[in-house]
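**Q** mmCIF, C-alpha atoms, file start20.cif:
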data_target
#
loop_
_atom_site.label_atom_id
_atom_site.label_comp_id
_atom_site.auth_asym_id
_atom_site.auth_seq_id
_atom_site.Cartn_x
_atom_site.Cartn_y
_atom_site.Cartn_z
CA MET H 1 -21.24 7.66 27.75
CA PRO H 2 -20.40 10.94 29.44
CA GLY H 3 -17.07 12.56 28.62
CA ILE H 4 -16.58 10.63 25.37
CA GLY H 5 -16.66 13.82 23.33
CA LYS H 6 -13.04 14.78 23.98
CA TYR H 7 -11.85 11.37 22.76
CA VAL H 8 -13.91 11.67 19.59
CA TRP H 9 -12.49 15.14 18.90
CA ALA H 10 -8.97 13.87 19.59
CA ALA H 11 -9.49 10.98 17.15
CA ILE H 12 -10.80 13.39 14.49
CA ALA H 13 -7.85 15.76 14.99
CA ILE H 14 -5.34 12.92 14.78
CA ALA H 15 -7.08 11.56 11.67
CA VAL H 16 -6.84 14.96 9.92
CA ILE H 17 -3.18 15.39 10.89
CA THR H 18 -2.31 11.83 9.79
CA HIS H 19 -4.18 12.27 6.51
CA LEU H 20 -2.41 15.54 5.62
CA ALA H 21 0.99 14.27 6.77
CA LEU H 22 0.73 11.16 4.58
CA ILE H 23 -0.46 13.12 1.52
CA HIS H 24 2.43 15.58 1.89
CA ALA H 25 4.98 12.87 2.65
CA ALA H 26 4.01 10.36 -0.07
CA PRO H 27 5.89 11.99 -3.02
CA ARG H 28 8.98 12.62 -0.90
CA LEU H 29 8.93 9.09 0.48
CA LEU H 30 8.62 7.56 -2.99
CA MET H 31 11.33 9.81 -4.40
CA GLY H 32 13.44 9.15 -1.30
CA VAL H 33 13.37 5.43 -2.06
CA ALA H 34 14.32 6.11 -5.70
CA ILE H 35 17.15 8.47 -4.68
CA GLU H 36 18.43 5.97 -2.12
CA ARG H 37 18.51 3.17 -4.70
CA LEU H 38 20.14 5.34 -7.36
CA SER H 39 22.75 6.77 -4.98
CA ALA H 40 23.99 3.36 -3.84
CA GLY H 41 27.25 4.11 -5.67
CA GLY H 42 27.37 7.68 -4.32
CA PHE H 43 25.79 11.02 -5.24
CA ASN H 44 26.74 13.00 -8.36
CA ALA H 45 27.74 9.96 -10.39
CA TRP H 46 25.97 8.23 -13.26
CA THR H 47 24.75 4.69 -12.91
CA ILE H 48 24.20 2.93 -16.23
CA ALA H 49 21.37 0.44 -15.88
CA ASP H 50 21.70 -3.06 -17.27
CA ARG H 51 19.60 -3.78 -20.33
CA VAL H 52 16.00 -4.40 -19.31
CA THR H 53 15.14 -8.09 -19.58
CA SER H 54 12.50 -10.38 -18.11
CA ALA H 55 14.83 -10.74 -15.11
CA SER H 56 14.77 -6.97 -14.36
CA ARG H 57 12.88 -6.42 -11.12
CA GLN H 58 14.02 -3.02 -9.78
CA ILE H 59 11.51 -0.63 -11.35
CA VAL H 60 7.97 -1.56 -12.38
CA ARG H 61 6.99 -1.39 -16.05
CA PRO H 62 10.50 -0.87 -17.40
CA SER H 63 10.92 -0.28 -21.13
CA PRO H 64 13.20 -2.81 -22.83
CA ASP H 65 13.72 -0.34 -25.71
CA PHE H 66 15.80 2.16 -23.77
CA SER H 67 19.22 2.47 -22.25
CA TYR H 68 18.91 4.33 -18.94
CA ALA H 69 21.53 6.29 -17.06
CA ALA H 70 20.61 7.84 -13.70
CA CYS H 71 22.39 10.23 -11.39
CA ALA H 72 21.17 11.05 -7.89
CA PHE H 73 22.39 14.63 -7.54
CA ASP H 74 23.21 16.50 -4.35
CA LEU H 75 23.68 20.28 -4.42
CA SER H 76 24.76 20.58 -0.77
CA ASP H 77 28.33 21.38 -1.82
CA GLY H 78 27.29 23.77 -4.58
CA PRO H 79 26.38 23.49 -8.26
CA VAL H 80 26.62 20.24 -10.20
CA ILE H 81 27.59 19.94 -13.86
CA ILE H 82 25.37 17.52 -15.77
CA ALA H 83 26.31 16.64 -19.33
CA ALA H 84 24.62 14.18 -21.69
CA ALA H 85 26.60 12.87 -24.64
CA PRO H 86 24.69 12.88 -27.95
CA TRP H 87 23.12 9.72 -29.30
CA ARG H 88 22.15 8.86 -32.88
CA GLN H 89 18.50 8.20 -32.01
CA TYR H 90 16.05 9.76 -29.57
CA TRP H 91 17.53 10.71 -26.22
CA SER H 92 16.43 12.97 -23.41
CA LEU H 93 17.76 14.32 -20.16
CA SER H 94 15.15 14.90 -17.47
CA LEU H 95 15.53 16.25 -13.95
CA TYR H 96 13.28 15.42 -10.99
CA SER H 97 13.18 17.20 -7.65
CA ALA H 98 12.90 15.55 -4.23
CA ASN H 99 9.12 15.93 -4.31
CA SER H 100 9.00 14.09 -7.69
CA ASP H 101 8.34 17.15 -9.93
CA ASN H 102 9.86 16.83 -13.42
CA PHE H 103 11.31 20.37 -13.44
CA PHE H 104 13.47 20.15 -16.57
CA VAL H 105 13.69 18.11 -19.74
CA ILE H 106 15.72 18.50 -22.91
CA ASP H 107 15.94 16.10 -25.84
CA ASP H 108 17.93 15.65 -29.04
CA ARG H 109 15.60 17.92 -31.01
CA GLU H 110 16.84 20.86 -28.95
CA ALA H 111 20.34 19.58 -28.27
CA HIS H 112 21.70 17.82 -31.36
CA TYR H 113 25.22 17.76 -30.03
CA GLY H 114 24.46 16.77 -26.46
CA ALA H 115 23.59 18.91 -23.47
CA GLU H 116 25.58 20.46 -20.67
CA ILE H 117 23.85 22.23 -17.82
CA THR H 118 24.93 23.70 -14.54
CA LEU H 119 22.46 22.72 -11.87
CA VAL H 120 22.12 25.13 -8.94
CA ARG H 121 19.85 25.23 -5.93
CA ALA H 122 17.01 27.69 -6.52
CA GLY H 123 17.84 31.06 -5.00
CA LYS H 124 21.59 30.47 -4.94
CA PRO H 125 23.94 32.56 -7.11
CA HIS H 126 24.65 31.31 -10.61
CA PRO H 127 28.28 30.46 -11.38
CA GLU H 128 29.99 32.94 -13.67
CA GLY H 129 30.41 31.84 -17.27
CA ALA H 130 28.00 28.92 -17.04
CA SER H 131 26.16 28.67 -20.36
CA MET H 132 22.98 26.90 -19.34
CA VAL H 133 21.97 27.19 -15.70
CA VAL H 134 19.01 25.24 -14.38
CA GLU H 135 17.61 25.89 -10.91
CA SER H 136 16.63 22.89 -8.83
CA PRO H 137 13.83 23.39 -6.31
CA SER H 138 15.48 20.87 -3.96
CA ALA H 139 19.04 20.08 -2.88
CA ARG H 140 18.67 16.46 -3.91
CA GLY H 141 16.96 14.85 -6.87
CA VAL H 142 17.43 12.61 -9.86
CA ALA H 143 18.79 13.18 -13.37
CA LEU H 144 17.74 10.56 -15.91
CA ILE H 145 18.99 10.03 -19.45
CA ARG H 146 16.94 7.86 -21.78
CA ARG H 147 18.50 6.67 -25.02
CA LEU H 148 16.42 4.77 -27.53
CA ALA H 149 18.18 1.43 -28.02
CA PRO H 150 15.74 -1.34 -28.99
CA SER H 151 18.36 -3.97 -29.93
CA THR H 152 21.25 -5.56 -28.06
CA GLU H 153 23.72 -3.90 -30.44
CA SER H 154 22.22 -0.45 -30.01
CA TYR H 155 22.01 -0.94 -26.24
CA ASN H 156 25.72 -1.79 -26.08
CA ALA H 157 26.55 1.26 -28.20
CA ALA H 158 24.34 3.49 -26.02
CA ALA H 159 25.96 2.14 -22.85
CA GLU H 160 29.34 3.01 -24.36
CA VAL H 161 28.18 6.55 -25.16
CA ALA H 162 26.79 6.88 -21.63
CA ARG H 163 30.33 6.60 -20.26
CA GLU H 164 30.90 10.12 -21.61
CA ASP H 165 28.04 11.58 -19.55
CA VAL H 166 29.05 13.85 -16.69
CA CYS H 167 27.45 14.32 -13.27
CA GLU H 168 29.98 16.04 -11.08
CA SER H 169 30.02 18.66 -8.35
CA VAL H 170 31.67 21.89 -9.56
CA SER H 171 33.64 22.00 -6.29
CA ARG H 172 35.22 18.64 -7.16
CA LEU H 173 35.93 19.69 -10.74
CA VAL H 174 37.80 22.83 -9.68
CA GLY H 175 39.13 21.41 -6.41
CA MET X 176 -6.56 6.05 35.42
CA LEU X 177 -5.89 2.95 33.29
CA ARG X 178 -9.26 3.36 31.59
CA ARG X 179 -8.39 6.93 30.70
CA VAL X 180 -5.00 5.96 29.24
CA LEU X 181 -6.64 3.19 27.24
CA ALA X 182 -9.30 5.60 25.98
CA TRP X 183 -6.68 8.09 24.76
CA ALA X 184 -4.63 5.31 23.17
CA MET X 185 -7.75 4.01 21.45
CA ALA X 186 -8.63 7.53 20.20
CA ALA X 187 -5.09 7.93 18.81
CA LEU X 188 -5.19 4.52 17.17
CA ILE X 189 -8.57 5.15 15.55
CA GLY X 190 -7.42 8.60 14.42
CA VAL X 191 -4.28 7.23 12.77
CA GLY X 192 -6.29 4.44 11.17
CA ILE X 193 -8.93 6.78 9.74
CA GLY X 194 -6.26 9.24 8.60
CA ALA X 195 -4.25 6.55 6.81
CA ALA X 196 -7.34 4.97 5.25
CA SER X 197 -8.67 8.32 4.03
CA ALA X 198 -5.24 9.24 2.55
CA TRP X 199 -5.13 5.91 0.70
CA ALA X 200 -8.72 6.46 -0.54
CA ALA X 201 -7.89 10.00 -1.69
CA LEU X 202 -5.00 8.69 -3.81
CA GLU X 203 -6.90 5.64 -5.06
CA PHE X 204 -10.06 7.46 -6.10
CA GLY X 205 -8.30 10.71 -6.95
CA SER X 206 -6.21 8.77 -9.43
CA ALA X 207 -9.35 7.94 -11.41
CA GLY X 208 -9.84 11.66 -12.02
CA PHE X 209 -6.61 11.68 -14.00
CA THR X 210 -7.54 8.70 -16.14
CA GLN X 211 -9.07 9.02 -19.59
CA SER X 212 -10.24 6.17 -21.80
CA TYR X 213 -9.76 5.96 -25.55
CA GLY X 214 -11.43 2.79 -26.75
CA GLN X 215 -9.57 -0.07 -25.06
CA TRP X 216 -6.73 2.16 -23.86
CA THR X 217 -6.50 4.21 -20.68
CA HIS X 218 -4.22 7.19 -20.24
CA SER X 219 -3.18 8.79 -16.97
CA ARG X 220 -2.66 12.53 -17.29
CA ALA X 221 -0.81 12.34 -13.97
CA ALA X 222 2.33 10.79 -15.48
CA GLY X 223 5.05 13.38 -15.91
CA SER X 224 2.89 16.31 -14.84
CA SER X 225 3.92 19.03 -12.45
CA ALA X 226 1.61 19.40 -9.52
CA ALA X 227 0.03 22.50 -8.08
CA ASP X 228 -1.40 20.93 -4.94
CA PRO X 229 -0.27 18.16 -2.57
CA TYR X 230 -3.01 15.72 -3.61
CA THR X 231 -2.16 15.99 -7.29
CA ARG X 232 1.54 15.67 -6.53
CA ALA X 233 0.98 12.53 -4.42
CA ILE X 234 -1.10 10.95 -7.21
CA ILE X 235 1.57 11.80 -9.79
CA ALA X 236 4.31 10.31 -7.60
CA ARG X 237 2.33 7.13 -7.12
CA ASP X 238 1.22 6.70 -10.74
CA GLY X 239 4.04 8.23 -12.72
CA LEU X 240 7.27 8.51 -10.76
CA LEU X 241 10.18 9.52 -13.07
CA ALA X 242 7.83 9.63 -16.06
CA LEU X 243 8.27 12.18 -18.84
CA ARG X 244 6.10 15.21 -19.54
CA ALA X 245 3.26 14.82 -22.02
CA SER X 246 5.12 16.94 -24.60
CA GLU X 247 7.92 14.38 -24.48
CA ALA X 248 6.04 11.10 -24.13
CA LEU X 249 2.51 9.79 -23.70
CA TYR X 250 1.71 6.49 -21.99
CA PHE X 251 -1.40 4.37 -22.63
CA ASN X 252 -2.38 1.06 -21.04
CA LEU X 253 -4.60 -1.74 -22.27
CA ALA X 254 -5.66 -4.50 -19.86
CA GLU X 255 -8.90 -5.85 -21.35
CA ASP X 256 -9.91 -7.34 -24.68
CA GLU X 257 -12.72 -6.04 -26.89
CA ASN X 258 -15.26 -7.86 -24.67
CA GLY X 259 -13.98 -6.40 -21.41
CA ARG X 260 -12.21 -9.62 -20.37
CA ARG X 261 -8.79 -9.56 -18.75
CA LEU X 262 -5.99 -10.44 -21.14
CA ASP X 263 -5.05 -14.09 -20.88
CA GLU X 264 -2.02 -16.10 -21.92
CA SER X 265 -4.33 -18.83 -23.19
CA CYS X 266 -5.65 -16.49 -25.89
CA ILE X 267 -4.25 -15.32 -29.23
CA TYR X 268 -4.83 -11.65 -30.01
CA GLU X 269 -4.10 -9.37 -32.92
CA LEU X 270 -3.05 -5.78 -32.26
CA ARG X 271 -3.67 -3.63 -35.32
CA GLY X 272 -2.76 -0.01 -35.72
CA SER X 273 -2.52 2.88 -38.14
CA PRO X 274 0.43 5.25 -38.43
CA LEU X 275 0.75 7.34 -35.27
CA ALA X 276 1.57 11.04 -35.54
CA ALA X 277 4.69 10.75 -33.44
CA ARG X 278 8.41 10.39 -33.83
CA TRP X 279 8.58 6.95 -32.30
CA TRP X 280 6.30 4.53 -30.47
CA SER X 281 6.46 1.12 -28.82
CA VAL X 282 4.08 -1.45 -27.35
CA THR X 283 5.36 -3.52 -24.41
CA LEU X 284 3.72 -6.49 -22.72
CA TYR X 285 3.78 -6.70 -18.91
CA ALA X 286 2.65 -9.56 -16.69
CA GLU X 287 0.18 -8.82 -13.91
CA ASP X 288 3.06 -8.03 -11.52
CA ASN X 289 3.99 -5.07 -13.79
CA PHE X 290 7.29 -6.64 -14.87
CA LEU X 291 8.17 -8.24 -18.20
CA ALA X 292 6.79 -11.77 -18.51
CA GLU X 293 9.39 -14.29 -17.38
CA ASN X 294 10.21 -15.99 -20.66
CA SER X 295 13.27 -16.13 -22.89
CA ASP X 296 11.50 -15.17 -26.13
CA HIS X 297 13.00 -11.65 -26.36
CA ALA X 298 9.64 -10.51 -27.69
CA ALA X 299 8.38 -8.23 -24.91
CA SER X 300 8.11 -5.21 -27.17
CA VAL X 301 7.43 -4.07 -30.73
CA ASP X 302 8.32 -0.58 -31.84
CA ALA X 303 8.28 1.80 -34.77
CA SER X 304 11.84 0.90 -35.70
CA ARG X 305 10.91 -2.75 -36.29
CA ILE X 306 7.51 -2.23 -37.91
CA ASP X 307 6.89 -0.01 -40.94
CA PRO X 308 5.32 2.91 -39.05
CA THR X 309 4.02 4.60 -42.20
CA SER X 310 1.32 2.04 -43.03
CA VAL X 311 -1.27 -0.07 -41.24
CA TRP X 312 0.53 -2.63 -39.10
CA SER X 313 -0.38 -5.61 -36.97
CA THR X 314 1.33 -7.77 -34.41
CA ARG X 315 0.31 -11.05 -32.84
CA VAL X 316 0.02 -11.28 -29.04
CA SER X 317 0.32 -14.95 -28.13
CA PRO X 318 2.43 -17.46 -26.22
CA VAL X 319 3.84 -18.91 -29.47
CA ARG X 320 4.98 -16.93 -32.51
CA GLY X 321 3.78 -19.24 -35.28
CA ASP X 322 4.02 -17.50 -38.67
CA ALA X 323 3.46 -13.98 -37.38
CA PRO X 324 5.89 -11.40 -38.81
CA HIS X 325 5.61 -9.32 -35.64
CA TRP X 326 5.04 -10.82 -32.23
CA LEU X 327 4.57 -9.93 -28.58
CA SER X 328 5.15 -13.01 -26.47
CA SER X 329 2.58 -13.64 -23.73
CA ARG X 330 4.27 -16.89 -22.69
CA SER X 331 4.37 -17.07 -18.86
CA ALA X 332 2.39 -13.82 -18.67
CA GLY X 333 -0.56 -15.71 -17.16
CA ARG X 334 -3.92 -14.01 -16.77
CA GLY X 335 -4.25 -10.27 -16.26
CA PHE X 336 -1.32 -9.12 -18.34
CA SER X 337 -1.39 -5.71 -20.00
CA LEU X 338 0.06 -3.71 -22.86
CA THR X 339 1.67 -0.27 -22.58
CA LEU X 340 1.83 2.00 -25.61
CA ARG X 341 4.52 4.66 -25.38
CA ILE X 342 4.38 7.54 -27.83
CA TYR X 343 7.50 9.72 -27.95
CA ASN X 344 7.55 13.27 -29.27
CA PRO X 345 3.90 13.25 -30.32
CA GLN X 346 3.26 15.74 -33.11
CA ARG X 347 1.04 18.75 -32.50
CA GLU X 348 -1.76 17.22 -34.52
CA PHE X 349 -1.72 13.97 -32.53
CA ARG X 350 -5.07 13.50 -30.81
CA PRO X 351 -5.55 10.23 -28.96
CA SER X 352 -8.85 8.54 -29.78
CA ALA X 353 -10.31 5.06 -30.09
CA GLU X 354 -9.74 5.37 -33.86
CA SER X 355 -6.15 6.67 -33.78
CA LEU X 356 -4.84 4.14 -31.23
CA PRO X 357 -4.23 0.45 -32.05
CA THR X 358 -7.08 -2.04 -31.63
CA LEU X 359 -6.79 -5.42 -29.93
CA THR X 360 -8.93 -8.27 -31.26
CA THR X 361 -9.24 -11.77 -29.84
CA ILE X 362 -8.49 -14.44 -32.45
CA SER X 363 -9.03 -17.52 -30.28
CA CYS X 364 -8.78 -18.78 -26.72
CA THR X 365 -7.92 -22.26 -25.52
CA GLY X 366 -10.60 -23.66 -23.24
CA ARG X 367 -13.17 -20.98 -24.08
CA SER X 368 -16.22 -21.42 -26.28
#
Can you dump the structure from the file as C-alpha cells?

**A**
Amino acid sequence: MPGIGKYVWAAIAIAVITHLALIHAAPRLLMGVAIERLSAGGFNAWTIADRVTSASRQIVRPSPDFSYAACAFDLSDGPVIIAAAPWRQYWSLSLYSANSDNFFVIDDREAHYGAEITLVRAGKPHPEGASMVVESPSARGVALIRRLAPSTESYNAAAEVAREDVCESVSRLVG
Amino acid sequence: MLRRVLAWAMAALIGVGIGAASAWAALEFGSAGFTQSYGQWTHSRAAGSSAADPYTRAIIARDGLLALRASEALYFNLAEDENGRRLDESCIYELRGSPLAARWWSVTLYAEDNFLAENSDHAASVDASRIDPTSVWSTRVSPVRGDAPHWLSSRSAGRGFSLTLRIYNPQREFRPSAESLPTLTTISCTGRS
C-alpha cells in the first residue's frame, strides 16, 4: 500500500511518547491517589487510621500489628512542622515525596524522645532557629508514622499518643 | 478525505495501544529484576528504595508504595508450599523458624485479594512479641486452631493465600537465606492424596 509509511511512523512516534509518558506518570499517579485519600480531612493534619482488621479494605497488605498516622503535607504556604510523639515500642516517621521517593526516615533508635522536624521545599530558605530541617523535593507528599501495637490495648494506647503528633503549617502556627 | 482521517485515527489508536502495552510490560517484567528468592520466600528490593531512573521509580511505586527503606524494614512473601503448590485453606501447614537477627518481626496471612482473610479469628498475624524470638519457634497455619500454641488462621482465605514476613531494624549481620528464614511444611490437606 503506497503512502502507508507515514502512518506507521506516526504510530511508532505515538507509541514511544505514550510509553514514556505512562512510565513517568505512574509514580505520581499512584502517589496522587494516596495523597488524595489521605488529605480527605485537609492537608497538614494527621489522620489516625482505624486498627487494621479483616474488614480493612483501603490499602492492600496492611499490617494488623501497627498503628498508623498519616499526614498529607502541602508546602505551598511555606514550611510545615512535623512532630512525632514518642512511643514505648518501635516507631518511625517516614516522609514520601509526590513521586513516591522515601526521602526521610527516623525511628526511635535515633529519637528516643520523639522527633520534631521543619519540612521545607528544597531550595527554599530554612527558617531561623529550626533545629532539624528536612528538605522535601516536592511541595506535596505524605508523612507516615508507624507505631508497633500488636494488641487491642497497645493499639488504643498508640492511638492516644498519636493525638500529640503535630503536622501544621508554620504560617498557621505563627499567624 | 474520510479514509485519510480514519488512517490517522487508526495510527494514533495503535500507537497508544502499543505504548500502553509496552509500559505495562516494562513494569511487569522489570519488576522481576528486583525480586530475589530465598527458599520459599521472595523479596522485592524495590520496596522502600529510592530510584535513579523513571523505570525503577515506577516499579517501586507499583510494588512498594509507602514502604520503608531496607535499613528500616525488609519484606518477604511466601505464596507456595514446599512442593510449589499454591497455599490452600484446605491444608494444614507448619511454619517453623529460628531466631532472626532483627529487633522485631511478624508474619501476616493475606487472602488472594491481598487483604486480611475475612474471618473473626483475630489470628491474621504472629510476631516476635507473642512468640519467644530467642529460640526455634513454630506456628500452625490452618483454618482451625486445634491445640496449636501459635496460630495463623487461614479460615476464609481460600486458595492462593500468602504470607508476608516483615523484619524491622534488621541487624548488620542479618543475611536472608533459605536457612535463616522460616520454613513452611504441609502437614495435611483435605481432599488430596

**Q** Residues of chain H within 6 Å of chain X: nearest atom pair and distance (Å, one decimal) for each, counting only C-alpha atoms, sorted by chain and number, as a tab-separated table?

**A**
residue	atom	partner	partner_atom	distance
H:Tyr7	CA	X:Ala186	CA	5.6
H:Ala11	CA	X:Gly190	CA	4.2
H:Ile12	CA	X:Gly190	CA	5.9
H:Ile14	CA	X:Gly190	CA	4.8
H:Ala15	CA	X:Gly194	CA	3.9
H:Val16	CA	X:Gly194	CA	5.9
H:Thr18	CA	X:Gly194	CA	4.9
H:His19	CA	X:Gly194	CA	4.2
H:His24	CA	X:Pro229	CA	5.8
H:Ala26	CA	X:Ala233	CA	5.7
H:Pro27	CA	X:Ala236	CA	5.1
H:Ser54	CA	X:Leu291	CA	4.8
H:Val60	CA	X:Asn289	CA	5.5
H:Arg61	CA	X:Asn289	CA	5.3
H:Asp101	CA	X:Ser225	CA	5.4

**Q** Excluding same-chain residues fewer than 6 positions from X:Arg334, what lies within 12 Å of it counting all atoms listed in the file, as an NGL selection string?

**A** :X and (254-256 or 260-266 or 285-288 or 292 or 318)

**Q** Can you tell me, as a count of residues only, what residues are no more than 7 Å from stretch 127-138 of chain H when counting all atoms listed in the file, ignoring any on the same chain fewer than 5 positions away?

**A** 8

**Q** Using only C-alpha atoms, find the one residue out of H:Thr53, H:Ser154, H:Ser76, H:Asn102 that sits nearest to H:Tyr90.

**A**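 For H:Tyr90, the nearest of the candidates is H:Ser154.
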
**Q** Determine the nearest neighbour of X:Gly205 from the options X:Ser219, X:Pro324, X:Thr361, X:Phe336, counting all atoms listed in the file.

**A** X:Ser219

**Q** Please measure the separation of atom CA of H:Trp87 and atom CA of X:Ile342, giving the value in Å to one decimal.

**A**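 So the answer is 18.9 Å.
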
**Q** Quick one: pull the distance between atom CA of H:Asp108 and atom CA of H:Ser151, Å, one decimal.

**A**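 Spanning atom CA of H:Asp108 to atom CA of H:Ser151 is a straight-line distance of 19.6 Å.
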
**Q** Extract, using only C-alpha atoms, all DNA, RNA and protein residues at most 8 Å from H:Glu116, discarding same-chain residues fewer than 4 positions from it, and format them as a short mmCIF file (atom, residue, chain, number, x, y, z; two decimals) with C-alpha atoms, in the coordinates of the input.

**A**
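Produced file selection30.cif, reproduced below:
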data_model
loop_
_atom_site.label_atom_id
_atom_site.label_comp_id
_atom_site.auth_asym_id
_atom_site.auth_seq_id
_atom_site.Cartn_x
_atom_site.Cartn_y
_atom_site.Cartn_z
CA ILE H 81 27.59 19.94 -13.86
CA ILE H 82 25.37 17.52 -15.77
CA ALA H 83 26.31 16.64 -19.33
CA ALA H 84 24.62 14.18 -21.69
CA MET H 132 22.98 26.90 -19.34
#

**Q** Produce the centre coordinates and the three edge lengths, each in Å to one decimal, of the box along x, y and z that contains all listed atoms of stretch 244-251 of chain X with 3 Å added on each side, as AutoDock Vina command-line options.

**A**
--center_x 3.3 --center_y 10.7 --center_z -22.1 --size_x 15.3 --size_y 18.6 --size_z 11.1

**Q** Just to confirm, what's the straight-line distance from atom CA of H:Ala158 to atom CA of H:Ala115 in Å (one decimal)?

**A** 15.6 Å
